[in-house]
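Trainee: My questions will all concern the structure given below.
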Amino acid sequence: MAPPPLLTLRDVRLTFGGKPLFEGVTAAIGRGDKTCLVGRNGSGKSTLLKVFAGEILADSGERFLQPGCRVALLAQDPVLSGPTIADHVALGLPEAERDQTYRVETMLDALGLQGDRDTSILSGGEARRAALAQALVGEPDVLLLDEPTNHLDLPTILWLEQWLAAFTGAVVMISHDRRFLETVSKQLLWLERGVVRRAEVGFSRFTEWQEEILAAEEATLARVDNRLRQELYWLARGVTARRRRNMGRLRALHTLREERGERKNAVLAAGRQVQLAAESGEISGRLVIEADKIGKSFGERVICRDFSTRILRGDRVGLIGPNGAGKSTLLKLLTGVLPPESGTVRLGTNLEPALFDQHRSQLDPERSVWDTLTDGRGDQVWVRGTPRHVVGYMKDFLFTEAQARTPVRALSGGERNRLLLAKLLAKPSNLLILDEPTNDLDIDTLDLLEEMLADYDGTLLLVSHDRDFLDRLVTSVIAVEGAGEVVEYDGGYSDYLRQRPPPPPPPGVTAPARPAPAKPAAAAAPRLRLSYNETRELERLPKLIAEREVEITTLEAEIADPTLYRRDPGRLTVAAARLDAARAELAAAEDRWLELETKREAAGGKG
């Protein structure tokens, strides 16, 4: 007989602002479970985690915790208690065990923290590690983690993955870090439209499982009014279509990486001076950043030494490294904010930079979403020179029309990030600098952000600890290893790992064992020639793609009409929903055409 669950929710209901946030929630967490809680920003994930912790009481239903079980919660925005880090971490021990200071010291050493540091002057990364240390030190029976990887550097994330793998209690975690969830999770809880579903699979199977659920629900709702079905599914279907479309973009990214590697090899072969002379005759703006043997230090702390790179228009460069290694300083050197002590930095002409600040200081908490996007002027957003109605543009970033007048302070952390991205990407720019843009974002929003950045035609500098995000976007990685060592590698984070061992951990952090390389997949069986139906489908797809492109252009022009919302608000809603559906149909048709065309070519061009 299976042991009883440690923590159970039965038929839990909770309202927010007079409306149900979720209802009928029933879930059980057993010892050894490694459960990830997924759902859109604003769906109530953090609130549900606090209900699990007992910090928020539900309006109805039951929460049952086995007698003697201890629960620890790492909140999304933790508040540190105690004058020093050691005092704060010690609060995670049971009261009767707080004299066991060796346990606190062991955890501080593992996470590279100095126990005597004042909690009021910590950086974001240090505060996060201190809060994490408090949650882990008591080895609770149930561990609840809300965005545990936010502000953590890669060595610490790898350490946390290893710690959780060895943990024998139960874990429920919310995270935007796909690679982290794929490594750790064994079960899924999906919070969608106030309902929680459970699956006995890890996050790597989430998309497949989600598609099965949505397909089953759509079949059930086939008899429901078409407009209602569109309202329920425009977001979910748009997200899954983006995921399929992003697979094609990944193939294009691999091509870009190969081109960048060839270009760098040509530079090395021709010599720096010869290449510089060739660049001087190219069109204005082709060169974005040229750094030649730059160096920078602060006292005895060396940030970089003799580092050189050339970044051209359209390059997508990721910056990685441990916290405190100097990523932000290097970014300021490359963008001309700080002068180097040695070497030179040359910036291209006509640069229009745009900066995403991870602290979201550009947002006014008292302004509404509408006023934030329009700057309080009218009902239009100018998106890189093209007028868009604010509601239609909001929907591009997964906001609903009902959220238009919501103040920024009422938004979740992920929704604020999404709003800042919407405001930033609307402005004309040709150099986009993103500092940890993925913090607090849900998986669906990450898919949206990847799509937006894949369509961005300028140059991208990205500081991130999200390994999957880097792999999907960047053409090269600049690794700031510390002690002045800065090296650039072609490809994403996985390519970096293959070319170099993981970066050294911060002081005191025990480096996790490097996983053994995956066994190469068996060679795929040769594809068969196209069937009769597939041949006819391939012939019809170009026409369907052309029709959808025309329809999308027409709908975009209609929604951009500044008088539409005043004349017919209902038509704006219908047009926006149809635009999302048309974009999804176009993406699916393009992917299907690519699949069939690839199959046809593999069969020697035969139908």
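Each chain in the structure tokens gets a letter, A, B and so on, in the order shown; residues start at 1 in every chain, and ligands are counted from 1 in the order they appear.
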Skip A:Thr183 itself and residues of its chain fewer than 3 positions away, then list as a list of chain:residue names all residues within 12 Å of it, counting only C-alpha atoms.
Mentor: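 Listed by chain and then number, they are A:Lys34, A:Thr35, A:Cys36, A:Ile157, A:Leu158, A:Leu160, A:Glu161, A:Gln162, A:Trp163, A:Leu164, A:Ala165, A:Asp177, A:Arg178, A:Arg179, A:Phe180, A:Lys186, A:Gln187, A:Gly202, A:Phe203, A:Ser204, A:Arg205, A:Arg467, A:Asp468, A:Pro515.
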Trainee: Selected residues, N, CA and C atoms, written as a JSON list (two decimals), in the first residue's frame, please.
Mentor:
[["chain", "number", "residue", "atom", "x", "y", "z"],
["A", 34, "LYS", "N", 8.65, 15.34, -7.01],
["A", 34, "LYS", "CA", 9.36, 16.53, -7.48],
["A", 34, "LYS", "C", 8.42, 17.18, -8.52],
["A", 35, "THR", "N", 7.50, 17.98, -8.03],
["A", 35, "THR", "CA", 6.38, 18.47, -8.82],
["A", 35, "THR", "C", 6.60, 19.91, -9.27],
["A", 36, "CYS", "N", 6.42, 20.17, -10.56],
["A", 36, "CYS", "CA", 6.48, 21.56, -11.02],
["A", 36, "CYS", "C", 5.06, 22.06, -11.26],
["A", 157, "ILE", "N", 22.86, 27.36, -9.82],
["A", 157, "ILE", "CA", 21.72, 26.61, -10.34],
["A", 157, "ILE", "C", 22.08, 25.13, -10.48],
["A", 158, "LEU", "N", 23.27, 24.84, -10.98],
["A", 158, "LEU", "CA", 23.71, 23.45, -11.12],
["A", 158, "LEU", "C", 23.82, 22.78, -9.75],
["A", 160, "LEU", "N", 22.07, 23.58, -7.07],
["A", 160, "LEU", "CA", 20.70, 23.39, -6.58],
["A", 160, "LEU", "C", 20.07, 22.17, -7.24],
["A", 161, "GLU", "N", 20.29, 21.97, -8.53],
["A", 161, "GLU", "CA", 19.75, 20.79, -9.20],
["A", 161, "GLU", "C", 20.27, 19.51, -8.53],
["A", 162, "GLN", "N", 21.55, 19.49, -8.20],
["A", 162, "GLN", "CA", 22.13, 18.31, -7.57],
["A", 162, "GLN", "C", 21.56, 18.11, -6.16],
["A", 163, "TRP", "N", 21.38, 19.21, -5.43],
["A", 163, "TRP", "CA", 20.84, 19.12, -4.06],
["A", 163, "TRP", "C", 19.42, 18.57, -4.09],
["A", 164, "LEU", "N", 18.60, 19.06, -4.99],
["A", 164, "LEU", "CA", 17.21, 18.61, -5.07],
["A", 164, "LEU", "C", 17.12, 17.16, -5.54],
["A", 165, "ALA", "N", 18.05, 16.74, -6.40],
["A", 165, "ALA", "CA", 18.04, 15.35, -6.86],
["A", 165, "ALA", "C", 18.26, 14.39, -5.69],
["A", 177, "ASP", "N", 12.65, 28.50, -15.70],
["A", 177, "ASP", "CA", 13.86, 27.88, -16.25],
["A", 177, "ASP", "C", 13.52, 26.48, -16.75],
["A", 178, "ARG", "N", 13.33, 26.33, -18.06],
["A", 178, "ARG", "CA", 12.92, 25.05, -18.62],
["A", 178, "ARG", "C", 13.95, 23.96, -18.37],
["A", 179, "ARG", "N", 15.23, 24.29, -18.53],
["A", 179, "ARG", "CA", 16.26, 23.28, -18.34],
["A", 179, "ARG", "C", 16.26, 22.78, -16.89],
["A", 180, "PHE", "N", 16.06, 23.69, -15.93],
["A", 180, "PHE", "CA", 15.98, 23.33, -14.52],
["A", 180, "PHE", "C", 14.80, 22.40, -14.26],
["A", 186, "LYS", "N", 9.44, 15.49, -11.77],
["A", 186, "LYS", "CA", 8.92, 14.15, -12.09],
["A", 186, "LYS", "C", 7.39, 14.16, -12.24],
["A", 187, "GLN", "N", 6.73, 15.20, -11.73],
["A", 187, "GLN", "CA", 5.28, 15.33, -11.83],
["A", 187, "GLN", "C", 4.93, 16.75, -12.28],
["A", 202, "GLY", "N", 7.39, 14.39, -16.07],
["A", 202, "GLY", "CA", 8.18, 15.58, -15.83],
["A", 202, "GLY", "C", 7.89, 16.67, -16.84],
["A", 203, "PHE", "N", 8.54, 17.81, -16.66],
["A", 203, "PHE", "CA", 8.26, 18.97, -17.50],
["A", 203, "PHE", "C", 8.61, 18.72, -18.97],
["A", 204, "SER", "N", 9.55, 17.84, -19.24],
["A", 204, "SER", "CA", 9.92, 17.58, -20.63],
["A", 204, "SER", "C", 8.74, 17.08, -21.45],
["A", 205, "ARG", "N", 7.71, 16.54, -20.78],
["A", 205, "ARG", "CA", 6.52, 16.03, -21.48],
["A", 205, "ARG", "C", 5.36, 17.02, -21.42],
["A", 467, "ARG", "N", 19.70, 28.66, -19.45],
["A", 467, "ARG", "CA", 20.45, 27.89, -20.45],
["A", 467, "ARG", "C", 19.62, 27.61, -21.69],
["A", 468, "ASP", "N", 18.37, 27.22, -21.51],
["A", 468, "ASP", "CA", 17.52, 26.90, -22.66],
["A", 468, "ASP", "C", 17.26, 28.15, -23.49],
["A", 515, "PRO", "N", 27.55, 16.13, -15.82],
["A", 515, "PRO", "CA", 26.82, 14.97, -16.32],
["A", 515, "PRO", "C", 27.55, 14.34, -17.49]]
Trainee: Pull the closest atom pair for each residue of stretch 56-127 of chain A that gets at most 12 Å from stretch 16-22 of chain A, along with the distance in Å to one decimal, counting only C-alpha atoms, ordering rows by chain and then ascending residue number, as JSON lines.
Mentor:
{"residue": "A:Ile56", "atom": "CA", "partner": "A:Phe16", "partner_atom": "CA", "distance": 11.9}
{"residue": "A:Ala58", "atom": "CA", "partner": "A:Phe22", "partner_atom": "CA", "distance": 9.9}
{"residue": "A:Asp59", "atom": "CA", "partner": "A:Pro20", "partner_atom": "CA", "distance": 9.8}
{"residue": "A:Ser60", "atom": "CA", "partner": "A:Phe22", "partner_atom": "CA", "distance": 10.9}
{"residue": "A:Gly61", "atom": "CA", "partner": "A:Phe22", "partner_atom": "CA", "distance": 11.5}
Trainee: Return the single residue from A:Gly321, A:Ala454, A:Leu373, A:Asp292 that is closest to A:Leu334, with distances computed using only C-alpha atoms.
Mentor: A:Asp292
Trainee: Counting only C-alpha atoms, figure out which residue out of A:Val317, A:Ala215, A:Ala584, A:Leu73 gets nearest to A:Thr47.
Mentor: A:Leu73
Trainee: Work out how far apart atom CA of A:Val71 and atom CA of A:Ala130 are and give it in Å to one decimal.
Mentor: 17.6 Å
Trainee: Quick check for you: according to DSSP on this backbone, which residues of stretch 164-229 of chain A are classed as strand (DSSP E or B)? Reply as an NGL selection string.
Mentor: :A and (170-174 or 187-192 or 195-199)
Trainee: Can you pull out every residue within 7 Å of stretch 395-406 of chain A, counting only C-alpha atoms, but drop anything in the same chain fewer than 3 positions away, and send it as a ChimeraX atom specification?
Mentor: /A:235,368-370,391-392,410,418,422
Trainee: Take the residues from that selection and put them in a file with N, CA and C atoms, as an mmCIF file, in the first residue's frame.
Mentor:
data_model
loop_
_atom_site.group_PDB
_atom_site.id
_atom_site.type_symbol
_atom_site.label_atom_id
_atom_site.label_comp_id
_atom_site.auth_asym_id
_atom_site.auth_seq_id
_atom_site.Cartn_x
_atom_site.Cartn_y
_atom_site.Cartn_z
ATOM 1 N N LEU A 235 -5.475 32.282 -26.614
ATOM 2 C CA LEU A 235 -4.156 32.356 -25.990
ATOM 3 C C LEU A 235 -3.440 31.014 -26.030
ATOM 4 N N SER A 368 -1.652 52.826 -15.453
ATOM 5 C CA SER A 368 -2.325 51.631 -15.965
ATOM 6 C C SER A 368 -1.509 51.031 -17.105
ATOM 7 N N VAL A 369 -1.872 49.818 -17.478
ATOM 8 C CA VAL A 369 -1.221 49.174 -18.615
ATOM 9 C C VAL A 369 -1.417 50.019 -19.871
ATOM 10 N N TRP A 370 -2.630 50.507 -20.068
ATOM 11 C CA TRP A 370 -2.959 51.341 -21.235
ATOM 12 C C TRP A 370 -2.057 52.575 -21.279
ATOM 13 N N VAL A 391 -5.107 47.948 -27.496
ATOM 14 C CA VAL A 391 -5.667 46.651 -27.092
ATOM 15 C C VAL A 391 -5.101 45.529 -27.958
ATOM 16 N N GLY A 392 -5.027 45.779 -29.258
ATOM 17 C CA GLY A 392 -4.448 44.760 -30.135
ATOM 18 C C GLY A 392 -2.998 44.486 -29.801
ATOM 19 N N ALA A 410 -0.630 46.300 -9.513
ATOM 20 C CA ALA A 410 -1.481 45.129 -9.308
ATOM 21 C C ALA A 410 -1.055 43.939 -10.168
ATOM 22 N N ARG A 418 6.557 41.447 -18.785
ATOM 23 C CA ARG A 418 5.925 41.411 -20.103
ATOM 24 C C ARG A 418 5.564 42.821 -20.575
ATOM 25 N N ALA A 422 6.954 44.889 -23.795
ATOM 26 C CA ALA A 422 6.060 45.468 -24.798
ATOM 27 C C ALA A 422 6.408 46.935 -25.046
#
